[in-house]
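Below is one structure; the comments refer to it alone.
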Amino acid sequence: MKLRQYERPESNCTSYTFDRREFLKTGALASLGVGLLSVAGEVGAAINSTPPRVRRYVPLGSTGLKISDISFGSSRLRSGQEDLVRRAFDLGINYFDSASDYTDGEAESTIGSALRDKRDKVVLTSKMFAYPTTTQQEMMLTLEGSLKRLQTDHVDIFFNHAVNEVERLKNPEWYAFVDKAKGQGKVKFTGMSGHAGNLGECLDYAIDSGHYDVILAAHNFGQDPSFFKRFFRDYDFIAVQPQLPRILAKAKSKGMGTVVMKTLMGARLNDMRPYEKGGATFSQAAFRWVLSNSNVDALIVTMTSPDLIDEYLGASGWRTAAAGDIPLLRRYLALNSASHCRNGCKACEESCPSGVPISQVLRTRMYARDYGDFELARREYKLLPVDASACLSCAATPCKGACPIGLETGEIMAPLHRKLTEV
Ligand code: SF4
Ligand code: SF4
């Protein structure tokens, strides 16, 4: 299906005033930290600006970097897609997120070759899995591999990647490595990225340690499954990730940069095409939801086609919901809520006697089922420290019924493991 081209965000004073009035009436602003004060001007600029391009650059904490509010994720970027990267750059995107393991290094190589003559105009990041036993020499080798592929002598931010155990943040080798890499000018800033069951605990540890400059966290409207019911009443996050707003605010108060990902809650975009009316698309609505939180600096999203870049940038510059956003997000939840494992939730994991990291396993399922990228799913599954092989011999499936949103993990896990590991 051809994806929808950019359409001018539908926002007029009447609809915006309505949303804002309802927000204010409920006290929602205070709990969310929604930044609405200068919205009228920004939206005014946004709707007058075509074709799509980045309309807002955001200071990334106290790093001194200024990055595009909607930025380039490369987890599915392949060799030969240099034009896609250059298109993103030409439309104003200046922050390119990558990782040493993305597409077996092809993502970094493609970014490197596409932006080689633009290094001073872009913020390049990479990530690696630093485990509790990884040595600083191994970390340095991984970093140097990334630098080579990115064709640069430094990355602006180097993340400890997909952290889900605090033990990974306690490895003194990481800090020795960071000191050395910074001293050699190979890394400017460091960060922690995460999107699984222990996200809150890990982020709290990283922030409190004072050793990190930036956090990259999964964050989307679906982390509160019934957010729409409360939208005009009490906007709390009692659901699967109640601590994330607090954590984002804490990071912000300490001058850290805050970037979010997994903002599309599975990105089942084509499911939503029939319901997108009046200019707003689902992805734009979902982006506006996270960007309306003043404790979020920017978001990254995997960009796989020029059409998608155009569509995504339609939400750049916005800092509040537009008319039509909430019904769209609500519709998405109605269609997908009962089948989508929430990022950062682990309510089911205590029921598993084998310690299967269910939320991490189901993240890889999302890549296959929602993104349609089976290869990515298999690759990410292989990287998990513990997989779901125990499910093959788990007849009693004590995890059954443990998921508050009704995911039947007892039925999903064993077939999923077989699918992701078959040769
Ligand atoms: S099926 Fe059994 S082993 Fe697998 S996650 Fe559920 S309880 Fe754990
Ligand atoms: S399966 Fe349900 S309980 Fe388990 S991590 Fe996912 S959303 Fe949370």
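Naming scheme: A, B, ... for chains in displayed order of the structure tokens; residues 1 onward per chain; ligands 1 onward as shown.
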
Got a sec to check which residues lie within 12 Å of ligand 2, using only C-alpha atoms and all ligand atoms, and send them as a PyMOL selection string?
chain A and resi 195-199+222-225+239-241+265+336-352+356-366+399-413

Export of prior selection with C-alpha atoms as a CSV table (one decimal), in the first residue's frame:
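After the write, result.csv holds the following:
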```
chain,number,residue,atom,x,y,z
A,195,HIS,CA,12.8,-0.6,26.5
A,196,ALA,CA,11.9,-3.7,28.5
A,197,GLY,CA,10.6,-4.8,31.9
A,198,ASN,CA,13.2,-3.2,34.2
A,199,LEU,CA,13.3,0.1,32.3
A,222,GLY,CA,-0.2,2.9,24.9
A,223,GLN,CA,1.8,2.7,28.2
A,224,ASP,CA,-1.5,3.9,29.7
A,225,PRO,CA,-4.0,1.6,28.0
A,239,ALA,CA,-1.0,1.0,34.1
A,240,VAL,CA,2.1,-0.5,32.9
A,241,GLN,CA,4.7,2.2,33.2
A,265,MET,CA,3.3,1.2,19.9
A,336,ASN,CA,-4.3,-3.4,19.0
A,337,SER,CA,-4.4,-3.0,22.7
A,338,ALA,CA,-5.1,-6.6,23.6
A,339,SER,CA,-2.3,-8.0,21.4
A,340,HIS,CA,0.5,-5.6,21.9
A,341,CYS,CA,3.0,-6.2,24.8
A,342,ARG,CA,3.7,-2.9,26.5
A,343,ASN,CA,7.2,-1.7,26.4
A,344,GLY,CA,8.7,-1.5,29.9
A,345,CYS,CA,6.1,-3.8,31.5
A,346,LYS,CA,6.9,-7.0,33.2
A,347,ALA,CA,3.8,-7.7,35.2
A,348,CYS,CA,3.8,-11.3,33.9
A,349,GLU,CA,7.4,-12.2,34.5
A,350,GLU,CA,7.2,-13.1,38.2
A,351,SER,CA,4.9,-15.9,37.3
A,352,CYS,CA,7.5,-17.6,35.1
A,356,VAL,CA,12.0,-16.0,30.8
A,357,PRO,CA,12.2,-12.2,30.0
A,358,ILE,CA,8.7,-12.2,28.5
A,359,SER,CA,8.6,-8.5,27.6
A,360,GLN,CA,11.9,-8.7,25.8
A,361,VAL,CA,10.9,-11.8,23.9
A,362,LEU,CA,7.6,-10.1,22.9
A,363,ARG,CA,9.5,-7.0,21.7
A,364,THR,CA,11.1,-9.2,19.1
A,365,ARG,CA,7.7,-10.6,18.2
A,366,MET,CA,6.7,-7.0,17.6
A,399,CYS,CA,2.2,-17.3,33.1
A,400,LYS,CA,-1.2,-17.9,31.7
A,401,GLY,CA,-3.6,-15.2,32.8
A,402,ALA,CA,-0.8,-13.1,34.3
A,403,CYS,CA,-0.9,-10.3,31.7
A,404,PRO,CA,-3.3,-7.6,32.8
A,405,ILE,CA,-4.1,-6.7,29.2
A,406,GLY,CA,-4.9,-10.3,28.3
A,407,LEU,CA,-1.9,-11.4,26.2
A,408,GLU,CA,-1.9,-15.2,26.2
A,409,THR,CA,1.8,-15.6,26.8
A,410,GLY,CA,1.3,-19.3,27.6
A,411,GLU,CA,0.2,-19.9,24.1
A,412,ILE,CA,2.4,-17.4,22.3
A,413,MET,CA,5.9,-18.1,23.7
```

Using Å and a single decimal, report how far atom CA of Asp271 of chain A sits from atom CA of Arg319 of chain A.
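That distance, rounded to one decimal, is 25.2 Å.
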
Segment 123-178 of chain A: residues DSSP assigns to strand (DSSP E or B), reported as a list in words
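DSSP on the backbone gives strand (DSSP E or B) at Val123, Leu124, Thr125, Ser126, Lys127, Met128, Val155, Asp156, Ile157, Phe158, Phe159 and Asn160 of chain A.
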
Write to file, as a tab-separated table (two decimals), in the first residue's frame, the residues of the selection just made, with N, CA and C atoms.
```tsv
chain	number	residue	atom	x	y	z
A	123	VAL	N	24.55	15.04	14.21
A	123	VAL	CA	24.83	14.37	15.48
A	123	VAL	C	24.74	12.87	15.21
A	124	LEU	N	25.83	12.18	15.39
A	124	LEU	CA	25.85	10.74	15.15
A	124	LEU	C	25.93	10.00	16.48
A	125	THR	N	25.11	8.97	16.60
A	125	THR	CA	25.16	8.17	17.82
A	125	THR	C	25.36	6.71	17.45
A	126	SER	N	25.86	5.96	18.40
A	126	SER	CA	25.88	4.51	18.24
A	126	SER	C	25.65	3.88	19.61
A	127	LYS	N	25.49	2.55	19.58
A	127	LYS	CA	25.20	1.84	20.84
A	127	LYS	C	25.89	0.49	20.81
A	128	MET	N	26.12	-0.03	21.98
A	128	MET	CA	26.62	-1.39	22.08
A	128	MET	C	26.06	-2.06	23.33
A	155	VAL	N	31.86	9.62	17.85
A	155	VAL	CA	30.38	9.69	17.89
A	155	VAL	C	30.02	10.72	18.95
A	156	ASP	N	28.89	11.38	18.72
A	156	ASP	CA	28.47	12.39	19.67
A	156	ASP	C	27.94	11.75	20.95
A	157	ILE	N	27.19	10.67	20.77
A	157	ILE	CA	26.67	9.97	21.95
A	157	ILE	C	26.87	8.47	21.76
A	158	PHE	N	27.41	7.82	22.77
A	158	PHE	CA	27.58	6.37	22.72
A	158	PHE	C	26.75	5.77	23.86
A	159	PHE	N	25.82	4.90	23.48
A	159	PHE	CA	24.86	4.35	24.46
A	159	PHE	C	25.22	2.93	24.86
A	160	ASN	N	24.99	2.64	26.12
A	160	ASN	CA	24.87	1.24	26.53
A	160	ASN	C	23.47	0.83	26.09
```

As an exercise, work out the distance from atom CA of Leu264 of chain A to atom CA of Ser193 of chain A in Å and give it to one decimal place.
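Going from atom CA of Leu264 of chain A over to atom CA of Ser193 of chain A covers 17.1 Å.
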
Leu169 of chain A: which residues within 12 Å, counting only C-alpha atoms, same-chain residues fewer than 4 positions away excluded, as a PyMOL selection string?
chain A and resi 129-134+159-165+173-175+191-194+201-212

Preceding selection exported with C-alpha atoms as a short mmCIF file (atom, residue, chain, number, x, y, z; two decimals), in the first residue's frame:
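Result written to part31.cif:
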```
data_model
loop_
_atom_site.label_atom_id
_atom_site.label_comp_id
_atom_site.auth_asym_id
_atom_site.auth_seq_id
_atom_site.Cartn_x
_atom_site.Cartn_y
_atom_site.Cartn_z
CA PHE A 129 25.63 -4.13 24.47
CA ALA A 130 27.99 -3.72 27.42
CA TYR A 131 27.27 -6.64 29.73
CA PRO A 132 28.41 -7.06 33.36
CA THR A 133 31.45 -9.00 32.15
CA THR A 134 32.35 -7.03 29.03
CA PHE A 159 24.86 4.35 24.46
CA ASN A 160 24.87 1.24 26.53
CA HIS A 161 22.25 -0.50 24.44
CA ALA A 162 18.90 -2.03 25.48
CA VAL A 163 19.78 -2.20 29.15
CA ASN A 164 17.37 -4.28 31.16
CA GLU A 165 19.49 -5.31 34.15
CA GLU A 173 34.79 -1.38 32.95
CA TRP A 174 32.15 0.73 31.22
CA TYR A 175 33.16 3.83 33.16
CA GLY A 191 23.82 7.43 27.38
CA MET A 192 21.65 4.51 28.39
CA SER A 193 18.95 3.09 26.16
CA GLY A 194 16.20 0.73 27.27
CA GLU A 201 14.80 0.70 37.63
CA CYS A 202 17.63 0.92 35.10
CA LEU A 203 16.87 4.51 34.14
CA ASP A 204 16.71 5.55 37.79
CA TYR A 205 20.08 3.96 38.41
CA ALA A 206 21.67 5.56 35.35
CA ILE A 207 20.30 9.00 36.15
CA ASP A 208 21.24 8.84 39.83
CA SER A 209 24.76 7.65 39.01
CA GLY A 210 25.54 10.97 37.39
CA HIS A 211 27.59 9.21 34.72
CA TYR A 212 25.22 9.55 31.80
#
```
